[in-house]
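K.L.:
Take a look at this one; I'll ask things after.
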Protein chains: 2
Amino acid sequence: MNTNHHPDLAELTTPRLLLDETRMDRNIQRMQRRIDELGVAFRPHVKTTTCVDIARRQAAAGARGITVSTLMEARMFHAAGFDDILYAVAIAPARLDEALELARRGCRLTLVVASVQAAEMVTAHGRAQGHVHDVIIEIDTDGHRAGLNPDDAALPATARALTVAERGGARLKGVMTHAGSSYGLDQRDALIRLADVVSVGSTPTALAAMNLDGVTEVRAGVYVFFDLVMAGTGVCRTDDIALSVLTTVIGHRVDTGWLVTDSGWMAMSRDRGTQRQAVDHGYGLVCDVAGTHIPGLSFAEANQEHGVLHWQGDPGTDLVARFPVGTLLRMLPNHACATGAQHGQYTVIDASAAPVATWERFRGW
Amino acid sequence: MNTNHHPDLAELTTPRLLLDETRMDRNIQRMQRRIDELGVAFRPHVKTTTCVDIARRQAAAGARGITVSTLMEARMFHAAGFDDILYAVAIAPARLDEALELARRGCRLTLVVASVQAAEMVTAHGRAQGHVHDVIIEIDTDGHRAGLNPDDAALPATARALTVAERGGARLKGVMTHAGSSYGLDQRDALIRLADVVSVGSTPTALAAMNLDGVTEVRAGVYVFFDLVMAGTGVCRTDDIALSVLTTVIGHRVDTGWLVTDSGWMAMSRDRGTQRQAVDHGYGLVCDVAGTHIPGLSFAEANQEHGVLHWQGDPGTDLVARFPVGTLLRMLPNHACATGAQHGQYTVIDASAAPVATWERFRGW
């Protein structure tokens with residue numbers, strides 16, 4: 001647990017969100033190559049990162065446009081020069097004025113609806129404002145998400161509400177679905193055949209797909225960082241994970257074999273995404289300050305401020321001597337989106353774990 | 001689901017954290033009365049709220065000093081005029097300079113340690129800097145938290161490390177424990193008998209305690225808002241809960257009987273604290289815009305952006321007609337600390353659910 005090799009990290013206060021730039025760049029290149037091989041466009045989902053610096057790396061690698069999950073992200077990224085934005089959550093009617101404002105400032109903003117009612121509201125809003133909203137319909141191909149069931153009669157009705165020519169106000173660009181490559185999107189369906197855009201997610205879809213016939217673009221977000229859930233599904237290795245939480249040992253319970261740290265769920269999030277996987281990593285995988293996994297320490301409990309690490313190694317180990325108060329550790333997250341959202345910035349580190357930059361994240365709606 | 005009675009709320013975008021000022025004031029008065037009856041001092045924990053406006057109400061009601069969980073909170077509240085602050089998390093050695101800086105700016109800051117090592121580090125830091133840190137030792141009286149076991153030989157050793165007179169650098173003020181009134185604090189113990197401060201938490205402790213003999217102050221935080229976990233333990237009623245998340249219906253799945261909303265775990269947090277209670281409220285209790293519980297709607301699933309509400313009422317109900325796209329709902333949180341931490345501000349509403357103010361929250365460390 002000697003921190004002498006990382007004098008810069010040792011000077012930082014904790015909890016702190018670390019971003020390994022080398023791993024991130026490798027992940028960005030890997031995904032872009034993969035999508036290029038599949039012969040479709042790539043529109044990264046920036047909700048995972050909410051960081052202009054990272055989105056610029058994705059664009060430089062070949063991404064076209066971005067996907068956002070809030071209009072706040074749309075505004076922030078548009079202000080930073082991104083002008084092709086898919087707002088991939090069905091819009092609330094009260095947000096239509098904000099969307100119009102963004103479009104009028106030059107943003108090529110695409111909206112999403114998943115109901116006849118929303119389609120009618122978007123169309124009516126566009127007509128009333130003398131604007132044509134670009135719209136995509138969300139379809140649920142794996143049966144447990146937002147979006148219309150492909151077999152639902154509401155699907156063609158929603159498409160009709162957006163395309164009745166004399167009404168104006170909206171233009172139906174295509175369809176999107178979260179998972180499953182083109183599975184569930186019936187290529188014989190008139191809606192799919194006529195769509196300019198058939199957009200699919202996610203990171204596992206993008207990395208597992210053998211064939212994206214009929215698909216025009218892929219969305220993925222978490223691949224930039226990867227996380228323990230992704231590693232648990234086999235789409236990355238633990239040492240691809242670019243995000244970690246720098247943490248300090250602040251106490252011991254020698255009687256129970258616990259280390260107490262300053263990173264509870266406020267720093268890690270409440271996400272326990274590996275709980276149902278083959279290997280449950282608790283609140284995160286415990287590594288030393290260089291990023292190497294420490295066998296025997298399990299991040300078993302967390303309250304708001306404290307992480308509690310249970311020692312499951314040699315019971316004769318002197319925990320106080322091996323992990324003294326002040327020891328820095330790094331925790332790999334279960335779910336990069338959830339852990340990232342607990343922090344307002346990234347401390348970017350290079351391959352030798354030296355801090356090289358601070359990048360801001362957005363939060364809010 | 002008519003929103004005509006709440007024209008102001010209907011103009012707000014969602015997700016949005018609402019704070020019912022009337023309920024909050026009632027909760028503040030109730031707790032202060034209770035602590036006054038017990039004859040001890042009250043030091044509210046402001047980590048739940050991280051809001052100066054709220055802490056001022058608590059002070060006006062009779063609270064003395066505040067409890068914080070980060071030095072960032074200490075800095076922000078000190079800048080707002082609070083000068084008696086207990087930083088109730090064992091301090092990381094790298095943070096001692098920050099603590100000193102606060103003390104030198106006039107903050108009466110009390111630190112916490114829970115190990116001999118930390119006590120020695122605090123003492124050495126104080127001596128090196130010509131400062132005497134005020135310190136409290138954390139004791140774990142319910143067996144599963146940070147803090148020393150009262151029976152651990154490290155407890156008197158930690159006290160000695162802070163009190164060896166010729167060393168200076170620190171002053172041992174007393175002890176704190178999270179739960180359990182004075183249970184677990186043996187009044188015959190020399191440390192307890194000599195302590196100026198015996199500080200206990202939490203909201204359930206404060207409301208359940210019959211007798212706080214030997215205790216000098218009580219800490220509690222969540223009582224300001226209460227939440228479903230507190231209601232599940234019986235220390236409040238559902239209609240005491242002052243915090244909710246304003247939410248919009250953005251779609252339906254008629255085939256499965258679902259409403260889709262714009263408030264997923266990003267707005268509610270991942271906290272599923274009622275899962276192990278007698279009544280599991282999923283990701284939150286679903287109310288109409290006036291705050292009245294809607295029987296039949298269960299907040300069963302959440303992803304980052306979407307809440308999925310399952311209809312369990314009359315299967316003949318036309319969900320699209322009853323809860324059209326754009327319908328506003330209010331979600332009561334499982335855990336007010338976790339839900340609050342997902343938001344940067346409060347929209348304060350009066351007893352008629354009209355917005356009357358916006359109050360800022362802090363985040364970070």
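We name chains A, B, ... following the order of the structure tokens; residues begin at 1 in each chain, and ligands are numbered from 1 as shown.
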Within 8 Å of chain B, which residues of chain A show up when using only C-alpha atoms, listed as a ChimeraX atom specification?
P.N.:
/A:11-15,69,89-95,113-115,117-118,146-149,152,248-253,255,260,262,266,269-271,305-306,308,324-326,338,341-344,364-365
K.L.:
Could the residues in this selection be written to a file with N, CA and C atoms, as a compact mmCIF listing (two decimals), in the first residue's frame?
P.N.:
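Result file is out-v6.txt:
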# COMPACT_ATOMS: atom_id res chain seq x y z
N GLU A 11 -1.44 13.38 -2.85
CA GLU A 11 -1.70 14.74 -2.39
C GLU A 11 -3.17 15.14 -2.56
N LEU A 12 -3.95 14.28 -3.17
CA LEU A 12 -5.35 14.63 -3.44
C LEU A 12 -6.25 14.22 -2.30
N THR A 13 -7.30 15.00 -2.08
CA THR A 13 -8.30 14.60 -1.10
C THR A 13 -9.28 13.62 -1.74
N THR A 14 -9.97 12.92 -0.89
CA THR A 14 -10.91 11.89 -1.33
C THR A 14 -12.24 12.11 -0.62
N PRO A 15 -13.34 11.51 -1.10
CA PRO A 15 -13.51 10.71 -2.31
C PRO A 15 -13.33 11.55 -3.57
N SER A 69 -29.79 12.32 -22.61
CA SER A 69 -30.96 11.84 -21.86
C SER A 69 -31.72 12.98 -21.19
N VAL A 89 -35.15 10.35 -24.79
CA VAL A 89 -36.19 10.04 -23.80
C VAL A 89 -37.47 10.72 -24.29
N ALA A 90 -38.57 10.00 -24.24
CA ALA A 90 -39.85 10.56 -24.72
C ALA A 90 -40.08 11.91 -24.05
N ILE A 91 -40.33 12.92 -24.85
CA ILE A 91 -40.38 14.28 -24.32
C ILE A 91 -41.67 14.52 -23.54
N ALA A 92 -41.53 15.22 -22.40
CA ALA A 92 -42.70 15.69 -21.66
C ALA A 92 -43.24 16.92 -22.39
N PRO A 93 -44.57 17.03 -22.54
CA PRO A 93 -45.12 18.15 -23.30
C PRO A 93 -44.62 19.51 -22.80
N ALA A 94 -44.44 19.66 -21.49
CA ALA A 94 -44.01 20.95 -20.94
C ALA A 94 -42.59 21.33 -21.37
N ARG A 95 -41.86 20.37 -21.97
CA ARG A 95 -40.49 20.63 -22.42
C ARG A 95 -40.42 21.04 -23.89
N VAL A 113 -40.90 10.10 -29.21
CA VAL A 113 -42.21 9.87 -28.61
C VAL A 113 -42.45 8.36 -28.54
N ALA A 114 -43.36 7.98 -27.65
CA ALA A 114 -43.68 6.57 -27.50
C ALA A 114 -45.17 6.40 -27.26
N SER A 115 -45.97 7.31 -27.84
CA SER A 115 -47.41 7.18 -27.68
C SER A 115 -48.11 8.06 -28.70
N GLN A 117 -50.63 9.94 -28.01
CA GLN A 117 -50.85 11.24 -27.37
C GLN A 117 -49.66 12.16 -27.52
N ALA A 118 -48.46 11.63 -27.26
CA ALA A 118 -47.27 12.47 -27.36
C ALA A 118 -47.05 12.91 -28.80
N ALA A 146 -39.13 1.46 -21.64
CA ALA A 146 -40.00 2.44 -22.26
C ALA A 146 -40.08 2.12 -23.74
N GLY A 147 -41.11 2.61 -24.39
CA GLY A 147 -41.26 2.36 -25.82
C GLY A 147 -42.44 1.47 -26.10
N LEU A 148 -42.93 1.55 -27.32
CA LEU A 148 -44.10 0.78 -27.71
C LEU A 148 -43.72 -0.64 -28.08
N ASN A 149 -44.57 -1.56 -27.72
CA ASN A 149 -44.45 -2.94 -28.19
C ASN A 149 -44.59 -2.92 -29.72
N ASP A 152 -48.03 -3.51 -30.95
CA ASP A 152 -49.11 -2.67 -30.43
C ASP A 152 -49.71 -1.84 -31.57
N THR A 248 -9.97 6.84 0.91
CA THR A 248 -8.99 6.81 2.00
C THR A 248 -9.49 5.91 3.14
N VAL A 249 -8.59 5.11 3.68
CA VAL A 249 -8.89 4.35 4.90
C VAL A 249 -8.92 5.34 6.06
N ILE A 250 -10.06 5.37 6.79
CA ILE A 250 -10.18 6.32 7.91
C ILE A 250 -10.31 5.61 9.26
N GLY A 251 -10.38 4.29 9.25
CA GLY A 251 -10.47 3.59 10.53
C GLY A 251 -10.48 2.08 10.33
N HIS A 252 -10.42 1.36 11.44
CA HIS A 252 -10.41 -0.10 11.43
C HIS A 252 -11.35 -0.60 12.51
N ARG A 253 -11.89 -1.77 12.27
CA ARG A 253 -12.53 -2.53 13.34
C ARG A 253 -11.77 -3.84 13.42
N ASP A 255 -11.70 -5.97 15.74
CA ASP A 255 -12.48 -7.08 16.29
C ASP A 255 -13.29 -7.81 15.22
N VAL A 260 -12.64 0.75 7.49
CA VAL A 260 -13.65 1.78 7.24
C VAL A 260 -13.02 2.83 6.33
N ASP A 262 -13.70 6.43 3.55
CA ASP A 262 -14.50 7.65 3.42
C ASP A 262 -15.40 7.63 2.17
N MET A 266 -22.60 7.66 -1.11
CA MET A 266 -22.58 9.00 -1.69
C MET A 266 -21.52 9.10 -2.78
N SER A 269 -22.58 5.50 -5.32
CA SER A 269 -23.99 5.30 -5.65
C SER A 269 -24.50 4.06 -4.94
N ARG A 270 -25.81 3.93 -4.94
CA ARG A 270 -26.47 2.77 -4.33
C ARG A 270 -26.53 1.58 -5.29
N ASP A 271 -25.97 1.73 -6.48
CA ASP A 271 -26.13 0.69 -7.49
C ASP A 271 -25.43 -0.60 -7.06
N GLU A 305 -21.69 7.99 4.13
CA GLU A 305 -20.31 8.49 4.13
C GLU A 305 -19.25 7.41 4.19
N HIS A 306 -19.60 6.24 4.72
CA HIS A 306 -18.60 5.22 5.00
C HIS A 306 -18.73 4.03 4.07
N VAL A 308 -17.51 0.09 4.16
CA VAL A 308 -17.00 -0.90 5.10
C VAL A 308 -16.48 -2.09 4.28
N PRO A 324 -2.84 1.12 6.90
CA PRO A 324 -2.97 2.12 7.97
C PRO A 324 -3.94 3.24 7.59
N VAL A 325 -4.41 3.95 8.60
CA VAL A 325 -5.24 5.14 8.35
C VAL A 325 -4.49 6.06 7.39
N GLY A 326 -5.18 6.50 6.36
CA GLY A 326 -4.55 7.34 5.34
C GLY A 326 -4.22 6.58 4.07
N ALA A 338 -24.11 5.36 -12.82
CA ALA A 338 -24.60 5.70 -11.48
C ALA A 338 -23.49 6.30 -10.63
N ALA A 341 -22.52 9.82 -11.78
CA ALA A 341 -23.54 10.84 -11.48
C ALA A 341 -23.43 11.37 -10.06
N GLN A 342 -22.67 10.70 -9.21
CA GLN A 342 -22.51 11.18 -7.83
C GLN A 342 -21.43 12.26 -7.73
N HIS A 343 -20.75 12.56 -8.85
CA HIS A 343 -19.60 13.46 -8.81
C HIS A 343 -19.75 14.61 -9.78
N GLY A 344 -19.11 15.73 -9.48
CA GLY A 344 -19.19 16.91 -10.33
C GLY A 344 -18.02 17.07 -11.28
N GLY A 364 -28.24 17.46 -13.54
CA GLY A 364 -29.54 18.13 -13.54
C GLY A 364 -30.33 17.87 -14.80
N TRP A 365 -31.46 18.57 -14.92
CA TRP A 365 -32.40 18.29 -16.00
C TRP A 365 -32.69 19.52 -16.86
K.L.:
So that I can check the surroundings of stretch 231-242 of chain B, please list as JSON, numbers by chain every protein, DNA and RNA residue that reaches within 9 Å of it, counting only C-alpha atoms and ignoring chain neighbours fewer than 5 positions away.
P.N.:
{"B": [18, 19, 20, 21, 22, 23, 24, 26, 27, 203, 204, 207, 208, 223, 224, 225, 226, 274, 277, 278, 279, 291, 292, 332, 333]}
K.L.:
Could you name the residues that touch A:Gln58 at 12 Å or less, counting only C-alpha atoms, but leaving out those on the same chain fewer than 3 positions away, as an NGL selection string?
P.N.:
:A and (24-33 or 42-46 or 49 or 51-55 or 61-67 or 82 or 220-221 or 223-224)
K.L.:
Could you give me the residues within stretch 216-309 of chain B that DSSP places in alpha helix (DSSP H), as a list in words?
P.N.:
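Taking stretch 216-309 of chain B and keeping alpha helix (DSSP H) gives Leu228, Val229, Met230, Ala231, Gly232, Thr233, Trp265, Met266, Ala267 and Met268 of chain B.
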K.L.:
Could those residues be written to a file, using all heavy atoms, as an mmCIF file, in the first residue's frame?
P.N.:
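What ended up in again-v8.cif:
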data_model
loop_
_atom_site.group_PDB
_atom_site.id
_atom_site.type_symbol
_atom_site.label_atom_id
_atom_site.label_comp_id
_atom_site.auth_asym_id
_atom_site.auth_seq_id
_atom_site.Cartn_x
_atom_site.Cartn_y
_atom_site.Cartn_z
ATOM 1 N N LEU B 228 -40.131 7.343 3.457
ATOM 2 C CA LEU B 228 -40.905 6.103 3.556
ATOM 3 C C LEU B 228 -40.262 5.102 4.511
ATOM 4 O O LEU B 228 -40.963 4.346 5.190
ATOM 5 C CB LEU B 228 -41.072 5.469 2.169
ATOM 6 C CG LEU B 228 -41.912 6.291 1.195
ATOM 7 C CD1 LEU B 228 -41.806 5.717 -0.218
ATOM 8 C CD2 LEU B 228 -43.382 6.346 1.635
ATOM 9 N N VAL B 229 -38.919 5.099 4.582
ATOM 10 C CA VAL B 229 -38.256 4.200 5.523
ATOM 11 C C VAL B 229 -38.624 4.589 6.951
ATOM 12 O O VAL B 229 -38.937 3.728 7.785
ATOM 13 C CB VAL B 229 -36.725 4.216 5.315
ATOM 14 C CG1 VAL B 229 -36.008 3.548 6.482
ATOM 15 C CG2 VAL B 229 -36.357 3.527 4.003
ATOM 16 N N MET B 230 -38.616 5.876 7.245
ATOM 17 C CA MET B 230 -39.001 6.340 8.583
ATOM 18 C C MET B 230 -40.473 6.003 8.861
ATOM 19 O O MET B 230 -40.813 5.560 9.956
ATOM 20 C CB MET B 230 -38.766 7.850 8.712
ATOM 21 C CG MET B 230 -37.312 8.259 8.783
ATOM 22 S SD MET B 230 -36.470 7.723 10.312
ATOM 23 C CE MET B 230 -35.215 6.642 9.624
ATOM 24 N N ALA B 231 -41.325 6.213 7.857
ATOM 25 C CA ALA B 231 -42.741 5.864 8.046
ATOM 26 C C ALA B 231 -42.887 4.361 8.291
ATOM 27 O O ALA B 231 -43.697 3.933 9.117
ATOM 28 C CB ALA B 231 -43.557 6.298 6.826
ATOM 29 N N GLY B 232 -42.061 3.563 7.612
ATOM 30 C CA GLY B 232 -42.116 2.104 7.778
ATOM 31 C C GLY B 232 -41.682 1.659 9.160
ATOM 32 O O GLY B 232 -42.109 0.604 9.641
ATOM 33 N N THR B 233 -40.825 2.451 9.804
ATOM 34 C CA THR B 233 -40.412 2.105 11.167
ATOM 35 C C THR B 233 -41.353 2.711 12.196
ATOM 36 O O THR B 233 -41.170 2.498 13.388
ATOM 37 C CB THR B 233 -38.972 2.582 11.473
ATOM 38 O OG1 THR B 233 -38.965 4.016 11.456
ATOM 39 C CG2 THR B 233 -37.983 2.071 10.451
ATOM 40 N N TRP B 265 -34.089 6.374 -11.666
ATOM 41 C CA TRP B 265 -33.238 6.429 -10.462
ATOM 42 C C TRP B 265 -32.356 7.665 -10.434
ATOM 43 O O TRP B 265 -31.854 8.040 -9.378
ATOM 44 C CB TRP B 265 -32.447 5.154 -10.246
ATOM 45 C CG TRP B 265 -31.539 4.680 -11.334
ATOM 46 C CD1 TRP B 265 -31.757 3.598 -12.141
ATOM 47 C CD2 TRP B 265 -30.258 5.216 -11.717
ATOM 48 N NE1 TRP B 265 -30.699 3.448 -13.012
ATOM 49 C CE2 TRP B 265 -29.767 4.422 -12.770
ATOM 50 C CE3 TRP B 265 -29.487 6.293 -11.281
ATOM 51 C CZ2 TRP B 265 -28.539 4.667 -13.401
ATOM 52 C CZ3 TRP B 265 -28.266 6.541 -11.907
ATOM 53 C CH2 TRP B 265 -27.801 5.729 -12.950
ATOM 54 N N MET B 266 -32.186 8.325 -11.583
ATOM 55 C CA MET B 266 -31.416 9.575 -11.560
ATOM 56 C C MET B 266 -32.146 10.626 -10.709
ATOM 57 O O MET B 266 -31.497 11.450 -10.062
ATOM 58 C CB MET B 266 -31.238 10.081 -12.988
ATOM 59 C CG MET B 266 -30.160 11.100 -13.136
ATOM 60 S SD MET B 266 -28.511 10.382 -12.905
ATOM 61 C CE MET B 266 -27.588 11.901 -12.837
ATOM 62 N N ALA B 267 -33.457 10.587 -10.698
ATOM 63 C CA ALA B 267 -34.247 11.550 -9.923
ATOM 64 C C ALA B 267 -34.579 11.030 -8.521
ATOM 65 O O ALA B 267 -34.753 11.818 -7.597
ATOM 66 C CB ALA B 267 -35.541 11.888 -10.667
ATOM 67 N N MET B 268 -34.686 9.711 -8.367
ATOM 68 C CA MET B 268 -35.142 9.127 -7.093
ATOM 69 C C MET B 268 -33.994 8.570 -6.258
ATOM 70 O O MET B 268 -34.136 8.382 -5.056
ATOM 71 C CB MET B 268 -36.124 7.971 -7.359
ATOM 72 C CG MET B 268 -37.392 8.344 -8.096
ATOM 73 S SD MET B 268 -38.381 9.646 -7.287
ATOM 74 C CE MET B 268 -38.776 8.888 -5.702
#
K.L.:
Can you pull out every residue within 7 Å of B:Leu297, counting only C-alpha atoms, but drop anything in the same chain fewer than 4 positions away, and send it as a PDB file with all heavy atoms, in the first residue's frame?
P.N.:
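File written: selection_39.pdb
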ATOM      1  N   VAL B 286     -46.408   6.616  -5.054  1.00  0.00           N
ATOM      2  CA  VAL B 286     -46.954   7.448  -6.120  1.00  0.00           C
ATOM      3  C   VAL B 286     -48.149   8.252  -5.611  1.00  0.00           C
ATOM      4  O   VAL B 286     -49.127   7.689  -5.120  1.00  0.00           O
ATOM      5  CB  VAL B 286     -47.392   6.584  -7.320  1.00  0.00           C
ATOM      6  CG1 VAL B 286     -47.885   7.475  -8.455  1.00  0.00           C
ATOM      7  CG2 VAL B 286     -46.240   5.689  -7.784  1.00  0.00           C
ATOM      8  N   LEU B 309     -44.347   2.615 -13.756  1.00  0.00           N
ATOM      9  CA  LEU B 309     -45.379   2.418 -12.740  1.00  0.00           C
ATOM     10  C   LEU B 309     -46.318   1.318 -13.215  1.00  0.00           C
ATOM     11  O   LEU B 309     -46.862   1.395 -14.316  1.00  0.00           O
ATOM     12  CB  LEU B 309     -46.163   3.720 -12.531  1.00  0.00           C
ATOM     13  CG  LEU B 309     -45.335   5.003 -12.395  1.00  0.00           C
ATOM     14  CD1 LEU B 309     -46.262   6.200 -12.110  1.00  0.00           C
ATOM     15  CD2 LEU B 309     -44.273   4.882 -11.315  1.00  0.00           C
ATOM     16  N   HIS B 310     -46.489   0.319 -12.384  1.00  0.00           N
ATOM     17  CA  HIS B 310     -47.368  -0.792 -12.750  1.00  0.00           C
ATOM     18  C   HIS B 310     -48.760  -0.545 -12.180  1.00  0.00           C
ATOM     19  O   HIS B 310     -48.894  -0.245 -10.991  1.00  0.00           O
ATOM     20  CB  HIS B 310     -46.817  -2.103 -12.193  1.00  0.00           C
ATOM     21  CG  HIS B 310     -45.542  -2.551 -12.860  1.00  0.00           C
ATOM     22  ND1 HIS B 310     -44.998  -3.785 -12.659  1.00  0.00           N
ATOM     23  CD2 HIS B 310     -44.722  -1.918 -13.729  1.00  0.00           C
ATOM     24  CE1 HIS B 310     -43.882  -3.901 -13.377  1.00  0.00           C
ATOM     25  NE2 HIS B 310     -43.698  -2.776 -14.026  1.00  0.00           N
ATOM     26  N   TRP B 311     -49.767  -0.678 -13.024  1.00  0.00           N
ATOM     27  CA  TRP B 311     -51.140  -0.502 -12.584  1.00  0.00           C
ATOM     28  C   TRP B 311     -51.647  -1.799 -11.979  1.00  0.00           C
ATOM     29  O   TRP B 311     -51.625  -2.843 -12.619  1.00  0.00           O
ATOM     30  CB  TRP B 311     -52.029  -0.082 -13.760  1.00  0.00           C
ATOM     31  CG  TRP B 311     -53.472   0.057 -13.381  1.00  0.00           C
ATOM     32  CD1 TRP B 311     -54.504  -0.741 -13.780  1.00  0.00           C
ATOM     33  CD2 TRP B 311     -54.042   1.059 -12.526  1.00  0.00           C
ATOM     34  NE1 TRP B 311     -55.683  -0.302 -13.229  1.00  0.00           N
ATOM     35  CE2 TRP B 311     -55.434   0.795 -12.456  1.00  0.00           C
ATOM     36  CE3 TRP B 311     -53.517   2.140 -11.809  1.00  0.00           C
ATOM     37  CZ2 TRP B 311     -56.297   1.592 -11.694  1.00  0.00           C
ATOM     38  CZ3 TRP B 311     -54.385   2.917 -11.050  1.00  0.00           C
ATOM     39  CH2 TRP B 311     -55.749   2.644 -11.002  1.00  0.00           C
ATOM     40  N   GLN B 312     -52.075  -1.719 -10.720  1.00  0.00           N
ATOM     41  CA  GLN B 312     -52.568  -2.912 -10.045  1.00  0.00           C
ATOM     42  C   GLN B 312     -54.000  -2.718  -9.573  1.00  0.00           C
ATOM     43  O   GLN B 312     -54.494  -3.463  -8.732  1.00  0.00           O
ATOM     44  CB  GLN B 312     -51.621  -3.257  -8.878  1.00  0.00           C
ATOM     45  CG  GLN B 312     -50.253  -3.680  -9.421  1.00  0.00           C
ATOM     46  CD  GLN B 312     -49.144  -3.707  -8.382  1.00  0.00           C
ATOM     47  OE1 GLN B 312     -49.197  -2.970  -7.393  1.00  0.00           O
ATOM     48  NE2 GLN B 312     -48.148  -4.541  -8.604  1.00  0.00           N
TER      49      GLN B 312
END
K.L.:
Quick one: pull the distance between atom CA of B:Glu217 and atom CA of B:Phe77, Å, one decimal.
P.N.:
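Taking atom CA of B:Glu217 and atom CA of B:Phe77, their separation equals 19.8 Å.
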K.L.:
Can you list, as a VMD selection string, every residue of stretch 19-245 of chain B that DSSP puts in strand (DSSP E or B)?
P.N.:
chain B and resid 19 to 20 41 to 42 45 66 to 68 84 to 90 108 to 113 133 to 139 148 170 to 177 197 to 201 217 to 219 243 to 245
